[in-house]
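Trainee: First the structure, which I've put down as structure tokens, then a few questions once you've had a look.
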Amino acid sequence: MKRKRYSVKELFYTIQGEGFHAGRPAVFCRFAGCNLWSGCEEDRAEAVCSFCDTDFVGIDGLGGGRYTAEEMAQQVRSLWPADASEPIFVVLTGGEPMLQLTQELVDALKALPAEISIETNGTIAIDIEGIDWITVSPKAGAPLRQRSGNELKLVYPQEGLDPQSLEHLAFEHYYLQPMDGPELKRNMHMVVEYCKRRPKWKVSLQTHKWMGIP
Ligand code: SF4
């Protein structure tokens, strides 16, 4: 039987920059492709996420390629310090990782062993066992089908998406992250003011950008 291959834009060892696990060493698996933007600049204006700051097109990034589940697990293993007693912390991201993720791949990573975190836009419900940490980043204008998890991280502001409308969902942590771009300073101020007004929310900053790491 032909083995499934996963299209991976990049696979690298770094520090998680955002959200609850900010500051934590992690192996990032960035899957190629997303269902909310083609990744082509000529389509950006029409995309659900016209603010997207991620290159998820193709398999030509650092450590990118087309891997079987076993090959991907071995790549992840090879990046983690061999003498570390901590389980490998893997962040499955994209693009949209749920377009490709399977139980087979999660099982291969768990066997390393690894602690598995996923960052998803929430448009596809997660029906896979063994994921240790679910981060959902809802997008205005896109359906939200994954309505529970550990962390809800909302890029703010997004026209037509009031954070308050998400507060009833089943997440442990609620983060607002200022939208990057020319309005970053204003957005940072808006995030601070919103969190002060509704303390259910915490501020998430993209610290990897300040550190100059991927
Ligand atoms: S869901 Fe994420 S990766 Fe996909 S287009 Fe939106 S911001 Fe970019």
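The way I read the labels, and the way they are meant: chains A, B, ... in the order of the structure tokens, residue 1 as the first residue of every chain, and ligand 1 as the first ligand shown, with later ones counted on from there.
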Just want the 7 Å neighbourhood of A:Ala114, counted on only C-alpha atoms, with same-chain residues fewer than 2 positions away dropped. Output as JSON, numbers by chain.

Mentor: {"A": [87, 88, 89, 90, 109, 110, 112, 116]}

Trainee: Could you list the protein, DNA and RNA residues that have any atom within 6 Å of ligand 1, counting only C-alpha atoms and all ligand atoms, and write them as a PyMOL selection string?

Mentor: chain A and resi 34+36-37+49+52+54+94-96+121

Trainee: What gap, in Å, lies between atom CA of A:Ala84 and atom CA of A:Val106?

Mentor: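 Interatomic distance here is 21.1 Å.
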
Trainee: In terms of the shortest atom-to-atom distance over only C-alpha atoms, which of A:Ala26, A:Leu79, A:Met1, A:Ile124 is closest to A:Leu101?

Mentor: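 Closest to A:Leu101 of all the choices is A:Ile124.
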
Trainee: With only C-alpha atoms as the basis for distance, which of A:Asn187, A:Ser38, A:Gln100, A:Thr123 is at the shortest distance from A:Phe56?

Mentor: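 When distances to A:Phe56 are compared using only C-alpha atoms, the smallest one comes from A:Ser38.
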
Trainee: Taking the chain letters and numbering used in this document, name the residues of stretch 44-111 of chain A that DSSP puts in strand (DSSP E), as a tab-separated table (two decimals) with C-alpha atoms, in the first residue's frame.

Mentor:
chain	number	residue	atom	x	y	z
A	65	GLY	CA	9.80	18.12	2.14
A	66	ARG	CA	7.28	15.37	1.55
A	67	TYR	CA	7.53	12.93	4.42
A	88	ILE	CA	10.06	16.44	22.56
A	89	PHE	CA	7.71	19.40	22.30
A	90	VAL	CA	6.26	19.50	18.78
A	91	VAL	CA	4.13	22.30	17.38
A	92	LEU	CA	2.02	21.30	14.37
A	93	THR	CA	1.17	24.46	12.50

Trainee: Pick from A:Arg145, A:Ile213, A:Ile59, A:Phe20: nearest to A:Glu172, with only C-alpha atoms counted?

Mentor: A:Phe20

Trainee: What lies within 9 Å of stretch 3-19 of chain A using only C-alpha atoms, ignoring chain neighbours under 5 positions off, as a PyMOL selection string?

Mentor: chain A and resi 24-33+55-69+72+75-76+79-80+91+94-95+100-101+135+151-153+175-177+202-209+211+213-214

Trainee: Produce a file of the selected residues containing N, CA and C atoms, as a compact mmCIF listing (two decimals), in the first residue's frame.

Mentor:
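This went into again.txt:
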# COMPACT_ATOMS: atom_id res chain seq x y z
N ARG A 24 9.19 28.54 25.14
CA ARG A 24 9.52 27.12 25.30
C ARG A 24 10.17 26.55 24.02
N PRO A 25 11.30 25.86 24.17
CA PRO A 25 11.90 25.22 22.98
C PRO A 25 10.91 24.25 22.35
N ALA A 26 10.87 24.26 21.03
CA ALA A 26 9.87 23.45 20.33
C ALA A 26 10.34 23.13 18.91
N VAL A 27 9.97 21.95 18.45
CA VAL A 27 10.18 21.60 17.04
C VAL A 27 8.91 21.99 16.29
N PHE A 28 9.05 22.89 15.33
CA PHE A 28 7.90 23.36 14.55
C PHE A 28 7.79 22.57 13.26
N CYS A 29 6.59 22.03 13.01
CA CYS A 29 6.28 21.40 11.71
C CYS A 29 5.25 22.27 11.04
N ARG A 30 5.70 22.98 10.03
CA ARG A 30 4.75 23.86 9.33
C ARG A 30 4.26 23.16 8.07
N PHE A 31 3.00 22.72 8.11
CA PHE A 31 2.42 22.05 6.96
C PHE A 31 2.17 23.06 5.84
N ALA A 32 2.33 22.59 4.62
CA ALA A 32 2.05 23.45 3.47
C ALA A 32 0.54 23.54 3.25
N GLY A 33 0.10 24.71 2.79
CA GLY A 33 -1.30 24.88 2.39
C GLY A 33 -2.21 25.36 3.48
N ASP A 55 4.46 32.26 5.48
CA ASP A 55 4.71 31.64 4.18
C ASP A 55 4.51 30.14 4.32
N PHE A 56 3.43 29.64 3.76
CA PHE A 56 3.12 28.21 3.89
C PHE A 56 3.02 27.53 2.53
N VAL A 57 3.53 28.20 1.49
CA VAL A 57 3.39 27.67 0.14
C VAL A 57 4.60 26.80 -0.21
N GLY A 58 4.34 25.60 -0.69
CA GLY A 58 5.43 24.74 -1.16
C GLY A 58 6.12 23.99 -0.04
N ILE A 59 7.21 23.32 -0.41
CA ILE A 59 7.93 22.48 0.57
C ILE A 59 9.41 22.85 0.60
N ASP A 60 9.68 24.12 0.25
CA ASP A 60 11.06 24.52 0.02
C ASP A 60 11.70 25.25 1.20
N GLY A 61 11.04 25.25 2.36
CA GLY A 61 11.61 25.94 3.52
C GLY A 61 12.64 25.07 4.24
N LEU A 62 13.17 25.60 5.34
CA LEU A 62 14.15 24.89 6.16
C LEU A 62 13.57 23.55 6.63
N GLY A 63 14.19 22.45 6.23
CA GLY A 63 13.72 21.13 6.64
C GLY A 63 12.45 20.69 5.96
N GLY A 64 12.00 21.44 4.97
CA GLY A 64 10.75 21.09 4.28
C GLY A 64 10.91 19.86 3.40
N GLY A 65 9.76 19.29 3.01
CA GLY A 65 9.80 18.12 2.14
C GLY A 65 8.47 17.41 2.16
N ARG A 66 8.48 16.22 1.53
CA ARG A 66 7.28 15.37 1.55
C ARG A 66 7.65 14.11 2.30
N TYR A 67 7.10 13.97 3.50
CA TYR A 67 7.53 12.93 4.42
C TYR A 67 6.41 11.93 4.70
N THR A 68 6.79 10.67 4.91
CA THR A 68 5.86 9.72 5.51
C THR A 68 5.81 10.03 7.01
N ALA A 69 4.87 9.41 7.72
CA ALA A 69 4.76 9.65 9.16
C ALA A 69 6.05 9.27 9.88
N MET A 72 8.85 11.75 9.13
CA MET A 72 8.64 13.02 9.83
C MET A 72 9.00 12.89 11.31
N GLN A 75 12.72 12.95 11.63
CA GLN A 75 13.22 14.32 11.46
C GLN A 75 13.06 15.10 12.76
N VAL A 76 11.86 14.98 13.36
CA VAL A 76 11.58 15.68 14.61
C VAL A 76 12.56 15.21 15.69
N LEU A 79 16.11 16.64 15.62
CA LEU A 79 16.30 18.07 15.94
C LEU A 79 16.35 18.34 17.43
N TRP A 80 15.81 17.41 18.23
CA TRP A 80 15.74 17.62 19.68
C TRP A 80 17.05 17.18 20.32
N VAL A 91 5.24 21.42 17.73
CA VAL A 91 4.13 22.30 17.38
C VAL A 91 3.75 22.03 15.93
N GLY A 94 0.82 25.72 10.47
CA GLY A 94 0.71 25.84 9.02
C GLY A 94 0.86 27.29 8.60
N GLY A 95 0.13 27.64 7.56
CA GLY A 95 -0.95 26.92 6.91
C GLY A 95 -1.97 26.36 7.92
N GLN A 100 -4.06 18.12 6.64
CA GLN A 100 -3.23 16.94 6.37
C GLN A 100 -3.08 15.98 7.54
N LEU A 101 -3.26 16.47 8.75
CA LEU A 101 -2.94 15.64 9.92
C LEU A 101 -3.79 14.37 9.98
N THR A 135 -4.52 24.78 20.23
CA THR A 135 -4.65 26.24 20.13
C THR A 135 -5.49 26.55 18.89
N GLU A 151 -6.33 26.58 24.38
CA GLU A 151 -5.99 27.99 24.20
C GLU A 151 -6.73 28.54 22.98
N LEU A 152 -7.39 29.65 23.18
CA LEU A 152 -8.00 30.35 22.06
C LEU A 152 -7.17 31.62 21.87
N LYS A 153 -6.61 31.78 20.69
CA LYS A 153 -5.70 32.91 20.44
C LYS A 153 -6.24 33.70 19.25
N TYR A 175 -6.46 34.40 24.63
CA TYR A 175 -5.42 35.38 24.33
C TYR A 175 -5.84 36.28 23.19
N LEU A 176 -5.49 37.54 23.31
CA LEU A 176 -5.60 38.49 22.19
C LEU A 176 -4.20 38.82 21.73
N GLN A 177 -3.99 38.77 20.44
CA GLN A 177 -2.66 39.05 19.88
C GLN A 177 -2.77 40.18 18.87
N LYS A 202 -5.94 37.54 27.93
CA LYS A 202 -4.54 37.87 28.22
C LYS A 202 -3.87 38.31 26.91
N VAL A 203 -2.78 39.04 27.05
CA VAL A 203 -2.06 39.53 25.87
C VAL A 203 -1.08 38.47 25.38
N SER A 204 -1.09 38.21 24.09
CA SER A 204 -0.07 37.35 23.48
C SER A 204 0.74 38.20 22.51
N LEU A 205 2.05 38.14 22.64
CA LEU A 205 2.92 38.90 21.74
C LEU A 205 3.78 37.95 20.91
N GLN A 206 4.09 38.37 19.71
CA GLN A 206 4.91 37.52 18.83
C GLN A 206 6.39 37.76 19.14
N THR A 207 6.83 37.21 20.26
CA THR A 207 8.17 37.52 20.76
C THR A 207 9.27 37.00 19.83
N HIS A 208 8.99 35.98 19.04
CA HIS A 208 10.02 35.46 18.12
C HIS A 208 10.43 36.52 17.10
N LYS A 209 9.48 37.42 16.78
CA LYS A 209 9.82 38.48 15.82
C LYS A 209 10.82 39.46 16.45
N MET A 211 12.94 38.61 18.76
CA MET A 211 14.20 37.90 18.94
C MET A 211 14.90 37.63 17.61
N ILE A 213 14.06 35.33 15.41
CA ILE A 213 14.16 33.89 15.12
C ILE A 213 12.91 33.47 14.36
N PRO A 214 12.98 32.34 13.63
CA PRO A 214 11.81 31.95 12.82
C PRO A 214 10.63 31.51 13.66

Trainee: Which of stretch 90-205 of chain A counts as helix (DSSP H, G or I) under DSSP, as number ranges by chain please?

Mentor: A: 97-99, 103-110, 163-166, 184-197

Trainee: Need to verify the contact set: A:Ile134, 6 Å, only C-alpha atoms, exclusion of same-chain residues closer than 6 positions in sequence. Can you return it as a list in words?

Mentor: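 What passes the distance filter is Ser117, Ile118, Gly149 and Asn150 of chain A.
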